[in-house]
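Here is coords.cif, consisting of mmCIF, C-alpha atoms and all ligand atoms:
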```
data_upload
loop_
_atom_site.label_atom_id
_atom_site.label_comp_id
_atom_site.auth_asym_id
_atom_site.auth_seq_id
_atom_site.Cartn_x
_atom_site.Cartn_y
_atom_site.Cartn_z
CA MET S 99 28.65 1.86 -44.73
CA GLN S 100 26.64 4.96 -45.67
CA THR S 101 24.13 4.43 -48.45
CA ALA S 102 21.18 6.31 -49.92
CA VAL S 103 18.39 5.20 -52.25
CA VAL S 104 16.71 7.67 -54.60
CA THR S 105 13.17 6.34 -55.03
CA LEU S 106 9.56 7.39 -55.53
CA PHE S 107 8.67 4.67 -52.98
CA PRO S 108 10.81 5.35 -49.89
CA ASP S 109 8.29 3.54 -47.63
CA VAL S 110 8.67 0.31 -49.60
CA VAL S 111 12.47 0.45 -49.41
CA GLU S 112 12.51 1.32 -45.71
CA ALA S 113 9.96 -1.36 -44.77
CA ALA S 114 11.85 -4.09 -46.62
CA LEU S 115 15.22 -3.06 -45.16
CA ALA S 116 13.79 -3.10 -41.61
CA ALA S 117 13.34 -6.90 -41.70
CA GLY S 118 15.91 -9.62 -41.11
CA VAL S 119 19.64 -9.28 -41.68
CA THR S 120 19.48 -5.76 -43.16
CA GLY S 121 17.30 -4.63 -40.25
CA ARG S 122 19.86 -5.88 -37.75
CA ALA S 123 22.72 -4.28 -39.71
CA LEU S 124 20.83 -0.96 -39.61
CA ARG S 125 20.12 -1.24 -35.86
CA ASP S 126 23.74 -2.21 -35.15
CA LEU S 127 24.88 0.82 -37.21
CA LYS S 128 26.93 -1.39 -39.54
CA LEU S 129 24.77 -0.03 -42.37
CA HIS S 130 23.02 3.28 -42.80
CA CYS S 131 20.51 3.86 -45.58
CA ALA S 132 18.80 7.18 -46.29
CA THR S 133 15.98 7.51 -48.80
CA VAL S 134 15.46 10.54 -51.02
CA ASN S 135 12.27 11.07 -53.03
CA PRO S 136 12.64 12.88 -56.37
CA ARG S 137 9.04 14.08 -55.97
CA ASP S 138 10.26 16.32 -53.14
CA PHE S 139 12.50 18.04 -55.72
CA ALA S 140 9.89 18.68 -58.41
CA ASP S 141 9.30 22.32 -59.29
CA ASP S 142 5.59 22.49 -60.16
CA ARG S 143 2.56 22.33 -57.90
CA HIS S 144 1.73 18.77 -59.02
CA ASN S 145 5.21 17.56 -58.04
CA THR S 146 5.70 16.19 -61.54
CA VAL S 147 8.74 13.93 -62.06
CA ASP S 148 7.96 12.47 -65.50
CA ASP S 149 6.88 13.58 -68.95
CA ARG S 150 5.94 12.14 -72.37
CA PRO S 151 8.81 10.76 -74.45
CA PHE S 152 10.18 12.89 -77.30
CA GLY S 153 9.44 11.05 -80.53
CA GLY S 154 6.22 9.62 -79.10
CA GLY S 155 5.43 6.12 -77.95
CA PRO S 156 3.94 4.54 -74.85
CA GLY S 157 4.87 5.26 -71.26
CA MET S 158 6.51 8.17 -69.53
CA VAL S 159 10.13 9.18 -69.00
CA MET S 160 11.61 10.51 -65.75
CA MET S 161 12.81 14.08 -66.21
CA VAL S 162 16.43 15.07 -65.52
CA ASP S 163 15.93 17.92 -63.06
CA PRO S 164 14.00 16.37 -60.11
CA LEU S 165 16.20 13.26 -60.31
CA LYS S 166 19.38 15.32 -60.51
CA ARG S 167 18.42 17.39 -57.46
CA ALA S 168 17.46 14.23 -55.56
CA VAL S 169 20.83 12.64 -56.38
CA GLY S 170 22.54 15.85 -55.23
CA ALA S 171 20.70 15.61 -51.90
CA ALA S 172 21.55 11.89 -51.63
CA LYS S 173 25.25 12.55 -52.30
CA ALA S 174 25.30 15.02 -49.41
CA LEU S 175 24.29 12.11 -47.12
CA VAL S 176 27.07 9.69 -48.13
CA PRO S 177 30.89 9.94 -48.22
CA GLU S 178 32.43 12.17 -50.90
CA SER S 179 33.79 9.25 -52.94
CA ALA S 180 30.52 7.27 -52.99
CA PRO S 181 29.56 6.32 -56.57
CA VAL S 182 26.06 6.80 -57.99
CA VAL S 183 24.68 3.43 -59.12
CA PHE S 184 21.65 3.35 -61.43
CA LEU S 185 19.52 0.18 -61.38
CA THR S 186 18.48 -0.73 -64.91
CA PRO S 187 17.97 -3.88 -67.01
CA GLN S 188 20.57 -2.29 -69.36
CA GLY S 189 23.24 -2.45 -66.63
CA GLU S 190 26.09 -4.82 -65.90
CA ARG S 191 24.83 -8.05 -64.31
CA PHE S 192 25.04 -7.85 -60.50
CA ASP S 193 26.82 -10.79 -58.84
CA GLN S 194 28.64 -11.73 -55.62
CA ARG S 195 31.88 -10.18 -56.85
CA ILE S 196 30.15 -6.81 -57.37
CA ALA S 197 28.48 -7.15 -53.94
CA ALA S 198 31.94 -7.62 -52.39
CA ASP S 199 33.31 -4.62 -54.37
CA LEU S 200 30.47 -2.39 -53.15
CA ALA S 201 30.84 -3.68 -49.56
CA ALA S 202 34.49 -2.51 -49.60
CA LEU S 203 33.43 1.11 -50.35
CA PRO S 204 32.58 3.69 -47.68
CA GLY S 205 29.17 4.08 -49.31
CA PHE S 206 27.15 4.48 -52.51
CA VAL S 207 23.93 6.00 -53.85
CA LEU S 208 21.39 3.72 -55.56
CA VAL S 209 18.94 5.24 -58.04
CA ALA S 210 15.70 3.34 -58.59
CA ALA S 211 13.62 4.53 -61.54
CA ARG S 212 9.95 4.01 -62.42
CA TYR S 213 8.10 4.59 -65.71
CA GLU S 214 9.55 3.50 -69.04
CA GLY S 215 12.92 4.90 -68.17
CA VAL S 216 14.86 8.05 -67.38
CA ASP S 217 16.11 10.80 -69.65
CA GLU S 218 19.46 9.53 -70.97
CA ARG S 219 21.11 12.86 -70.13
CA PHE S 220 20.62 12.04 -66.45
CA VAL S 221 22.41 8.71 -66.91
CA ALA S 222 25.19 10.32 -68.94
CA THR S 223 25.95 13.08 -66.44
CA GLN S 224 24.99 11.80 -62.97
CA VAL S 225 25.60 8.04 -62.99
CA ASP S 226 28.91 6.25 -62.33
CA ARG S 227 27.76 2.67 -62.76
CA GLU S 228 24.68 0.82 -64.12
CA LEU S 229 23.62 -2.50 -62.60
CA SER S 230 20.97 -5.08 -63.54
CA ILE S 231 19.92 -7.96 -61.29
CA GLY S 232 19.04 -10.34 -64.14
CA ASP S 233 17.45 -10.82 -67.53
CA TYR S 234 13.83 -9.95 -66.79
CA VAL S 235 11.97 -6.66 -66.53
CA LEU S 236 10.76 -5.23 -63.21
CA SER S 237 8.35 -2.30 -62.94
CA GLY S 238 10.92 -0.28 -61.04
CA GLY S 239 14.40 -0.33 -59.60
CA GLU S 240 13.29 -0.64 -55.94
CA LEU S 241 13.41 -4.43 -55.79
CA ALA S 242 16.79 -4.36 -57.51
CA ALA S 243 18.09 -1.76 -55.01
CA LEU S 244 16.90 -4.01 -52.17
CA VAL S 245 18.64 -7.02 -53.72
CA VAL S 246 21.90 -5.06 -53.92
CA LEU S 247 21.59 -3.73 -50.35
CA ASP S 248 20.80 -7.19 -48.94
CA ALA S 249 23.73 -8.84 -50.73
CA VAL S 250 26.08 -6.04 -49.60
CA ALA S 251 24.84 -5.99 -45.99
CA ARG S 252 25.46 -9.70 -45.50
CA VAL S 253 29.14 -9.43 -46.42
CA LEU S 254 29.84 -6.35 -44.27
CA PRO S 255 32.24 -7.06 -41.41
CA GLY S 256 30.38 -7.94 -38.21
CA VAL S 257 26.98 -8.45 -39.86
CA LEU S 258 26.75 -12.26 -40.11
CA GLY S 259 29.53 -12.84 -37.62
CA ASN S 260 31.91 -11.99 -40.46
CA PRO S 261 35.34 -11.26 -38.96
CA GLU S 262 36.29 -7.57 -39.18
CA SER S 263 39.50 -8.23 -41.03
CA ALA S 264 38.63 -10.92 -43.57
CA PRO S 265 38.58 -9.67 -47.15
CA ALA S 266 35.01 -9.63 -48.45
CA ASP S 267 35.71 -12.16 -51.20
CA SER S 268 36.74 -14.88 -48.75
CA TYR S 269 33.07 -15.29 -47.79
CA MET S 270 32.20 -16.75 -51.14
CA ASP S 271 33.61 -19.91 -52.47
CA ASP S 272 32.04 -19.69 -55.93
CA LEU S 273 30.21 -22.99 -55.38
CA LEU S 274 26.56 -23.80 -54.76
CA ASP S 275 25.71 -24.66 -51.18
CA CYS S 276 25.55 -28.26 -49.91
CA PRO S 277 22.20 -29.66 -48.66
CA HIS S 278 21.20 -29.04 -45.03
CA TYR S 279 19.31 -31.19 -42.49
CA THR S 280 17.93 -30.77 -39.00
CA ARG S 281 15.72 -32.75 -36.57
CA PRO S 282 13.96 -35.08 -36.76
CA GLU S 283 16.43 -37.66 -38.02
CA VAL S 284 13.77 -39.41 -40.12
CA VAL S 285 11.08 -37.52 -42.10
CA ASP S 286 8.43 -39.65 -43.85
CA GLY S 287 10.84 -42.57 -43.86
CA VAL S 288 13.75 -40.56 -45.27
CA SER S 289 16.83 -40.42 -43.01
CA ALA S 290 19.28 -37.54 -42.86
CA PRO S 291 22.71 -38.61 -44.20
CA SER S 292 24.32 -40.67 -41.42
CA VAL S 293 27.70 -38.95 -41.78
CA LEU S 294 26.13 -35.72 -40.45
CA LEU S 295 25.25 -37.57 -37.21
CA SER S 296 28.59 -39.39 -36.95
CA GLY S 297 30.40 -36.72 -34.95
CA ASP S 298 33.35 -37.11 -37.35
CA HIS S 299 34.05 -33.45 -38.22
CA GLY S 300 36.51 -34.31 -40.98
CA ALA S 301 34.04 -36.67 -42.63
CA VAL S 302 31.28 -34.05 -42.34
CA ALA S 303 33.50 -31.38 -43.95
CA ASP S 304 34.41 -33.77 -46.80
CA TRP S 305 30.76 -34.70 -47.34
CA ARG S 306 29.70 -31.03 -47.48
CA ARG S 307 32.49 -30.15 -49.88
CA ARG S 308 31.68 -33.18 -52.09
CA GLU S 309 27.98 -32.22 -52.20
CA ALA S 310 28.78 -28.55 -52.96
CA LEU S 311 31.13 -29.54 -55.79
CA GLY S 312 28.70 -32.17 -57.11
CA ARG S 313 25.66 -29.90 -57.10
CA THR S 314 27.62 -27.17 -58.82
CA TRP S 315 28.80 -29.69 -61.45
CA GLN S 316 25.22 -30.91 -62.00
CA ARG S 317 23.30 -27.65 -61.84
CA ARG S 318 25.78 -24.92 -62.79
CA PRO S 319 28.63 -26.49 -64.77
CA ASP S 320 29.41 -22.96 -66.08
CA MET S 321 30.66 -22.09 -62.58
CA LEU S 322 33.36 -24.77 -62.81
CA LEU S 323 34.66 -23.75 -66.26
CA ASP S 324 37.97 -21.84 -66.23
CA ARG S 325 38.52 -22.91 -62.67
CA ASP S 326 41.41 -24.99 -61.37
CA LEU S 327 40.14 -27.34 -58.66
CA THR S 328 42.62 -28.54 -56.07
CA ALA S 329 43.64 -32.21 -56.17
CA ALA S 330 41.46 -32.79 -53.07
CA ASP S 331 38.43 -31.15 -54.75
CA ARG S 332 38.98 -33.17 -57.94
CA THR S 333 38.96 -36.38 -55.90
CA LEU S 334 35.77 -35.35 -54.06
CA LEU S 335 34.03 -34.40 -57.31
CA ALA S 336 35.15 -37.65 -58.97
CA ASP S 337 33.67 -39.57 -55.99
CA TYR S 338 30.41 -37.66 -56.41
CA ILE S 339 30.26 -38.34 -60.15
CA VAL S 340 30.94 -42.07 -59.68
CA LYS S 341 28.25 -42.23 -56.98
CA THR S 342 25.76 -40.41 -59.26
CA ARG S 343 26.51 -42.77 -62.19
CA LEU S 344 26.06 -45.81 -59.95
CA ASN S 345 22.71 -44.47 -58.72
CA THR S 346 21.62 -43.90 -62.31
CA LEU S 347 22.62 -47.46 -63.22
CA GLU S 348 20.77 -48.86 -60.19
CA ASP S 349 17.66 -46.87 -61.11
CA ALA S 350 17.83 -48.12 -64.71
CA HIS S 351 17.93 -51.73 -63.50
CA ALA S 352 15.47 -51.39 -60.63
CA PRO S 353 12.36 -53.59 -60.89
CA GLN S 354 9.36 -51.49 -61.97
CL1 LIG S 401 18.01 -3.06 -62.03
N1 LIG S 401 15.56 -2.62 -62.92
C1 LIG S 401 14.43 -3.02 -63.53
N2 LIG S 401 13.44 -2.14 -63.68
N3 LIG S 401 14.24 -4.23 -63.99
C2 LIG S 401 15.25 -5.10 -63.83
C3 LIG S 401 16.45 -4.76 -63.20
C4 LIG S 401 16.58 -3.50 -62.76
N4 LIG S 401 17.25 -5.84 -63.20
C5 LIG S 401 16.57 -6.79 -63.81
N5 LIG S 401 15.37 -6.37 -64.20
#
```
How does this structure look as structure tokens?
Amino acid sequence: MQTAVVTLFPDVVEAALAAGVTGRALRDLKLHCATVNPRDFADDRHNTVDDRPFGGGPGMVMMVDPLKRAVGAAKALVPESAPVVFLTPQGERFDQRIAADLAALPGFVLVAARYEGVDERFVATQVDRELSIGDYVLSGGELAALVVLDAVARVLPGVLGNPESAPADSYMDDLLDCPHYTRPEVVDGVSAPSVLLSGDHGAVADWRRREALGRTWQRRPDMLLDRDLTAADRTLLADYIVKTRLNTLEDAHAPQ
């Protein structure tokens, strides 16, 4: 996977990518990520990349030319077909499906902007796709670019022990994760669920699936809408719901 990030803060992007899973993917050559700084493509002696907005108002706008030249340089570092992705709160909401789509490509260019925004003519002529990482405003696209690269790196074949051949979307089950426990068995009087220590692999798998379904039902019911659960999943979720109701009843009747 050959990627490039166009950014005024290449050091920030490189330092963050060097840690953890992305760092290992880079060292193992599963992922390559170049950085290109639009300031290196400015054409005045101050290396100016922004200017005041036409029509007035606060903030500055990134000019087309330095960005366009930087994207041109970035495109030369990635495969021919690699799309240019602009990180912006106005973009399509990034999710696991989009991460899997990007991971299936030979590469892509991410453009992280600063200031109030970029000249719309850059977006119109140089950008193939606009992505947002959520409904809040960041001061620049760098953190969003890092979010995208992290999510993509972890689904690349061979990065997290992912089998080479498995399709990227088989890594996600569209459910929240079950709870996890490790030693010691008892923490401040609270035991880990005994099933996890039972050695019964079938019972452990059922428990994890039941917890994943139940948590998703409680915390993110939207993720279960428009989704046909298998008969086995319906039974597990029904068990979870009954158990939750019984706990609620017990709590309501517990002595104060
Ligand atoms: Cl992609 N960029 C910025 N600046 N802010 C954001 C964002 C992107 N996604 C959510 N907030």
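In this structure, CA of Val134 in chain S sits 29.1 Å away from CA of Gly155 in chain S.
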To check your reading of the model: which residues sit at most 9 Å from ligand LIG 401 (chain S) when counting only C-alpha atoms and all ligand atoms? Write the answer as number ranges by chain.
S: 184-189, 191-192, 210-215, 228-243
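Across the model, the gap from CA of Gly205 in chain S to CA of Pro255 in chain S is 14.0 Å.
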Interatomic distance, CA of Leu335 in chain S to CA of Gly312 in chain S (Å, one decimal)
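Going from CA of Leu335 in chain S over to CA of Gly312 in chain S covers 5.8 Å.
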Residues within 10 Å of Gln100 in chain S, all atoms listed in the file, excluding chain neighbours under 6 positions, as a VMD selection string
chain S and resid 127 to 132 175 to 177 180 203 to 207
With a distance cut-off of 12 Å and all atoms listed in the file, select the neighbouring residues of Val119 in chain S, excluding the residue or stretch itself and same-chain residues fewer than 2 positions from it, and output the selection as a ChimeraX atom specification.
/S:114-117,121-126,128-129,247-254,256-259
Given the selection you just returned, output its residues as a file containing C-alpha atoms, formatted as a compact mmCIF listing (two decimals), in the frame of the given file.
```
# COMPACT_ATOMS: atom_id res chain seq x y z
CA ALA S 114 11.85 -4.09 -46.62
CA LEU S 115 15.22 -3.06 -45.16
CA ALA S 116 13.79 -3.10 -41.61
CA ALA S 117 13.34 -6.90 -41.70
CA GLY S 121 17.30 -4.63 -40.25
CA ARG S 122 19.86 -5.88 -37.75
CA ALA S 123 22.72 -4.28 -39.71
CA LEU S 124 20.83 -0.96 -39.61
CA ARG S 125 20.12 -1.24 -35.86
CA ASP S 126 23.74 -2.21 -35.15
CA LYS S 128 26.93 -1.39 -39.54
CA LEU S 129 24.77 -0.03 -42.37
CA LEU S 247 21.59 -3.73 -50.35
CA ASP S 248 20.80 -7.19 -48.94
CA ALA S 249 23.73 -8.84 -50.73
CA VAL S 250 26.08 -6.04 -49.60
CA ALA S 251 24.84 -5.99 -45.99
CA ARG S 252 25.46 -9.70 -45.50
CA VAL S 253 29.14 -9.43 -46.42
CA LEU S 254 29.84 -6.35 -44.27
CA GLY S 256 30.38 -7.94 -38.21
CA VAL S 257 26.98 -8.45 -39.86
CA LEU S 258 26.75 -12.26 -40.11
CA GLY S 259 29.53 -12.84 -37.62
```
Find the residue from S:Ser289, S:Arg317, S:Val221, S:Arg308 that sits nearest to Val340 in chain S; use only C-alpha atoms when measuring.
S:Arg308
Can you pull out the residues contacting Val302 in chain S? Cut-off 12 Å, using all atoms listed in the file, and skip same-chain residues under 3 positions away; I want them as an NGL selection string.
:S and (276-278 or 291-299 or 305-309)
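Minimum distance to Ala201 in chain S across S:Val246, S:Asn135, S:Leu327, S:Val284 (counting only C-alpha atoms) occurs at S:Val246.
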Which residue, S:Leu106, S:Asp271, S:Asp324, S:Ala172, has the smallest gap to Thr146 in chain S when you use all atoms listed in the file?
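Once distances to Thr146 in chain S are computed over all atoms listed in the file, the minimum belongs to S:Leu106.
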Tell me, as an mmCIF file with C-alpha atoms, keeping the file's coordinate frame, which residues lie within 8 Å of Asp138 in chain S, counting all atoms listed in the file; anything in the same chain fewer than 5 positions away does not count.
```cif
data_model
loop_
_atom_site.group_PDB
_atom_site.id
_atom_site.type_symbol
_atom_site.label_atom_id
_atom_site.label_comp_id
_atom_site.auth_asym_id
_atom_site.auth_seq_id
_atom_site.Cartn_x
_atom_site.Cartn_y
_atom_site.Cartn_z
ATOM 1 C CA ASN S 145 5.210 17.560 -58.040
ATOM 2 C CA PRO S 164 14.000 16.370 -60.110
ATOM 3 C CA ALA S 168 17.460 14.230 -55.560
#
```
Smallest atom-to-atom distance to Val111 in chain S: which of S:Ala174, S:Val225, S:Leu244, S:Asp320, using all atoms listed in the file?
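For Val111 in chain S, the nearest of the given residues is S:Leu244.
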Among the residues S:Met158, S:Val216, S:Leu273, S:Ala303, the one that comes closest to Leu323 in chain S [using only C-alpha atoms]:
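Going through S:Met158, S:Val216, S:Leu273, S:Ala303 one by one, the smallest distance to Leu323 in chain S is for S:Leu273.
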